[in-house]
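A short worksheet on the structure shown next.
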Amino acid sequence: MAEREGGAHAILETIYRDDNCRAALEELFHRKCAYCETVIAGATWEVEHFRPKGRVAERADHPGYYWLAYEWRNLYPTCELCNKRRKDRPLWGDLRYAGTGGKLDQFPLEDEALRAMSHTENLSLERPLLLDPCTDWPESHLRYDLLGQVQPAPADRRARASITVFNLKRRRLRDLRRNRIDDVVALLKLIRDCKDREETEAAADLEDFLENRFLSDGCAYAGAARFVRSDPDAFGV
């Protein structure tokens with residue numbers, strides 16, 4: 001229907017917001033925001049179109065990727081702060097407004113001339129600047145520090161664009177990641193101490209706990225936690 005009507009197609013929100021669709025997305029993404037890994041189970045969250053369905057911020061004459069409005073591969077569960085334009089509101093101890101961010105209708109490309117303008121054009125020619133949570137491995141593009149700050153890997157344009165568009169530097173998100181990083185650092189130090197004392201069973205139990213509660217795909221901010229494990233020396237372990 002969308003392809004037949006083209007850009008004039010009226011997007012039917014009841015299709016992609018159907019409860020069965022939402023339940024499936026929630027389960028597939030481990031009840032986390034696809035972009036920032038914040039837990040969304042039990043909270044108000046949104047079905048986000050990776051390629052915007054109705055309009056494109058970078059191209060005023062684009063009708064939106066109407067032909068992908070109901071495509072499973074284009075639907076992601078996201079928190080409101082990653083998906084909508086929102087101010088980073090004052091935080092106790094830092095009472096300034098920090099900047100506005102959030103994806104909304106943004107979908108930057110490396111080369112605007114290659115953007116598909118309709119369902120008849122070759123979508124595979126596009127080179128998105130945003131990291132796709134399903135086809136890319138975002139954590140290989142992102143770096144973290146002890147304060148929970150996120151940075152792009154060196155010279156990584158896609159990581160830089162994703163951090164900006166999804167507003168991944170917002171302060172409350174930073175603090176949540178910092179808490180998770182602190183816990184992982186503490187556990188790694190305990191594991192190291194147990195191994196130094198040759199308490200192998202205790203070390204194994206702690207490693208299982210670390211894996212199940214912090215590093216597995218279902219854990220909040222698993223990307224940051226796995227980054228700590230990959231380079232413990234950088235975090236003082």
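We name chains A, B, ... following the order of the structure tokens; residues begin at 1 in each chain, and ligands are numbered from 1 as shown.
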
(Q) If we count only C-alpha atoms and set the cut-off at 7 Å, which residues sit around Leu104 in chain A, ignoring sequence neighbours fewer than 5 positions away in its own chain? Please answer as an NGL selection string. (A) :A and (83-85)

Q) Could you name the residues that touch Leu75 in chain A at 10 Å or less, counting only C-alpha atoms, but leaving out those on the same chain fewer than 5 positions away, as a list in words? A) Tyr16, Cys21, Arg22, Leu25, Ala34, Glu46, Val47, Glu48, His49, Phe50, Arg51, Pro52, Leu68, Ala69 and Tyr70 of chain A

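On the backbone of this structure, DSSP gives alpha helix (DSSP H) within range 41-172 of chain A to A:Glu80, A:Leu81, A:Cys82, A:Asn83, A:Arg157, A:Arg158, A:Ala159, A:Arg160, A:Ala161, A:Ser162, A:Ile163, A:Thr164, A:Val165, A:Arg171, A:Arg172.
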
Take the residues from that selection and put them in a file with N, CA and C atoms, as a PDB file, in the first residue's frame.
ATOM      1  N   GLU A  80      12.564   7.907  25.000  1.00  0.00           N
ATOM      2  CA  GLU A  80      12.152   9.203  24.473  1.00  0.00           C
ATOM      3  C   GLU A  80      13.338  10.138  24.276  1.00  0.00           C
ATOM      4  N   LEU A  81      14.341  10.047  25.150  1.00  0.00           N
ATOM      5  CA  LEU A  81      15.458  10.981  25.099  1.00  0.00           C
ATOM      6  C   LEU A  81      16.392  10.722  23.921  1.00  0.00           C
ATOM      7  N   CYS A  82      16.442   9.501  23.441  1.00  0.00           N
ATOM      8  CA  CYS A  82      17.218   9.220  22.229  1.00  0.00           C
ATOM      9  C   CYS A  82      16.422   9.558  20.975  1.00  0.00           C
ATOM     10  N   ASN A  83      15.116   9.403  21.048  1.00  0.00           N
ATOM     11  CA  ASN A  83      14.283   9.500  19.849  1.00  0.00           C
ATOM     12  C   ASN A  83      13.781  10.911  19.563  1.00  0.00           C
ATOM     13  N   ARG A 157      33.883   8.648  12.063  1.00  0.00           N
ATOM     14  CA  ARG A 157      32.819   9.619  11.759  1.00  0.00           C
ATOM     15  C   ARG A 157      31.449   9.103  12.149  1.00  0.00           C
ATOM     16  N   ARG A 158      31.216   7.820  11.972  1.00  0.00           N
ATOM     17  CA  ARG A 158      29.901   7.262  12.261  1.00  0.00           C
ATOM     18  C   ARG A 158      29.633   7.271  13.768  1.00  0.00           C
ATOM     19  N   ALA A 159      30.642   6.951  14.548  1.00  0.00           N
ATOM     20  CA  ALA A 159      30.471   7.004  15.997  1.00  0.00           C
ATOM     21  C   ALA A 159      30.210   8.436  16.449  1.00  0.00           C
ATOM     22  N   ARG A 160      30.943   9.386  15.874  1.00  0.00           N
ATOM     23  CA  ARG A 160      30.772  10.789  16.251  1.00  0.00           C
ATOM     24  C   ARG A 160      29.358  11.253  15.919  1.00  0.00           C
ATOM     25  N   ALA A 161      28.879  10.917  14.728  1.00  0.00           N
ATOM     26  CA  ALA A 161      27.528  11.322  14.326  1.00  0.00           C
ATOM     27  C   ALA A 161      26.476  10.672  15.219  1.00  0.00           C
ATOM     28  N   SER A 162      26.658   9.415  15.555  1.00  0.00           N
ATOM     29  CA  SER A 162      25.680   8.702  16.382  1.00  0.00           C
ATOM     30  C   SER A 162      25.615   9.289  17.786  1.00  0.00           C
ATOM     31  N   ILE A 163      26.764   9.610  18.353  1.00  0.00           N
ATOM     32  CA  ILE A 163      26.793  10.214  19.683  1.00  0.00           C
ATOM     33  C   ILE A 163      26.037  11.539  19.679  1.00  0.00           C
ATOM     34  N   THR A 164      26.224  12.317  18.623  1.00  0.00           N
ATOM     35  CA  THR A 164      25.561  13.613  18.529  1.00  0.00           C
ATOM     36  C   THR A 164      24.068  13.470  18.302  1.00  0.00           C
ATOM     37  N   VAL A 165      23.669  12.666  17.321  1.00  0.00           N
ATOM     38  CA  VAL A 165      22.262  12.549  16.947  1.00  0.00           C
ATOM     39  C   VAL A 165      21.437  11.919  18.066  1.00  0.00           C
ATOM     40  N   ARG A 171      23.803  14.110  30.485  1.00  0.00           N
ATOM     41  CA  ARG A 171      24.444  13.917  31.780  1.00  0.00           C
ATOM     42  C   ARG A 171      23.848  12.788  32.609  1.00  0.00           C
ATOM     43  N   ARG A 172      22.540  12.653  32.620  1.00  0.00           N
ATOM     44  CA  ARG A 172      21.948  11.585  33.422  1.00  0.00           C
ATOM     45  C   ARG A 172      22.328  10.212  32.866  1.00  0.00           C
TER      46      ARG A 172
END

Q. By how many Å are CA of Val228 in chain A and CA of Arg197 in chain A apart?
A.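 Computing it gives 22.9 Å between the two atoms.
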
Q: May I ask for the distance between CA of Asn167 in chain A and CA of Lys32 in chain A, given in Å to one decimal place?
A: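 Between CA of Asn167 in chain A and CA of Lys32 in chain A the gap is 16.3 Å.
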
Q) Between A:Lys103, A:Glu58, A:Trp72, A:Arg143, which has the minimum distance to Arg115 in chain A (counting only C-alpha atoms)? A)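 Closest to Arg115 in chain A, using only C-alpha atoms: A:Glu58.
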
Q. With only C-alpha atoms as the atoms that count, which of A:Gln106, A:Ser140, A:Thr14, A:Ser230 lies nearest to His62 in chain A?
A.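 Of the candidates, the smallest distance to His62 in chain A is held by A:Gln106.
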
Q) Pick the closest to Glu71 in chain A from A:Phe29, A:Leu91, A:Glu37, A:Ile15: which is it, counting only C-alpha atoms? A)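 Result for the nearest residue to Glu71 in chain A: A:Ile15.
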
Q: For each of A:Leu125, A:Ala225, A:Cys79, A:Leu190, take the minimum atom-to-atom distance to Thr38 in chain A, counting only C-alpha atoms, then give the residue where this is smallest.
A: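 Among the listed residues, A:Cys79 lies closest to Thr38 in chain A.
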
Q.
Given only C-alpha atoms as the basis, pick out the residue of A:Leu173, A:Val184, A:Leu146, A:Leu206 nearest to Cys33 in chain A.
A.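 Smallest distance to Cys33 in chain A is found for A:Leu173.
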
Give me, as a PDB file with N, CA and C atoms, in the first residue's frame, all polymer residues having an atom no more than 9 Å from Pro138 in chain A, counting only C-alpha atoms and skipping those fewer than 4 positions away in the same chain.
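part38.pdb, written as the output of this step:
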ATOM      1  N   TYR A  35      19.493   2.305  21.280  1.00  0.00           N
ATOM      2  CA  TYR A  35      20.599   3.232  21.074  1.00  0.00           C
ATOM      3  C   TYR A  35      21.447   3.473  22.315  1.00  0.00           C
ATOM      4  N   LEU A 131      25.183   4.622  13.293  1.00  0.00           N
ATOM      5  CA  LEU A 131      25.418   3.201  13.538  1.00  0.00           C
ATOM      6  C   LEU A 131      24.083   2.488  13.681  1.00  0.00           C
ATOM      7  N   ASP A 132      23.940   1.391  12.980  1.00  0.00           N
ATOM      8  CA  ASP A 132      22.723   0.593  13.044  1.00  0.00           C
ATOM      9  C   ASP A 132      22.906  -0.475  14.129  1.00  0.00           C
ATOM     10  N   PRO A 133      22.071  -0.480  15.164  1.00  0.00           N
ATOM     11  CA  PRO A 133      22.240  -1.445  16.259  1.00  0.00           C
ATOM     12  C   PRO A 133      22.178  -2.903  15.818  1.00  0.00           C
ATOM     13  N   CYS A 134      21.568  -3.166  14.667  1.00  0.00           N
ATOM     14  CA  CYS A 134      21.425  -4.552  14.228  1.00  0.00           C
ATOM     15  C   CYS A 134      22.503  -4.992  13.240  1.00  0.00           C
ATOM     16  N   LEU A 142      32.678   2.752  19.943  1.00  0.00           N
ATOM     17  CA  LEU A 142      32.542   3.689  21.066  1.00  0.00           C
ATOM     18  C   LEU A 142      33.572   3.404  22.150  1.00  0.00           C
ATOM     19  N   ALA A 159      30.642   6.951  14.548  1.00  0.00           N
ATOM     20  CA  ALA A 159      30.471   7.004  15.997  1.00  0.00           C
ATOM     21  C   ALA A 159      30.210   8.436  16.449  1.00  0.00           C
ATOM     22  N   GLY A 223      27.495  -2.500  26.771  1.00  0.00           N
ATOM     23  CA  GLY A 223      28.594  -2.054  25.930  1.00  0.00           C
ATOM     24  C   GLY A 223      29.686  -1.381  26.738  1.00  0.00           C
TER      25      GLY A 223
END
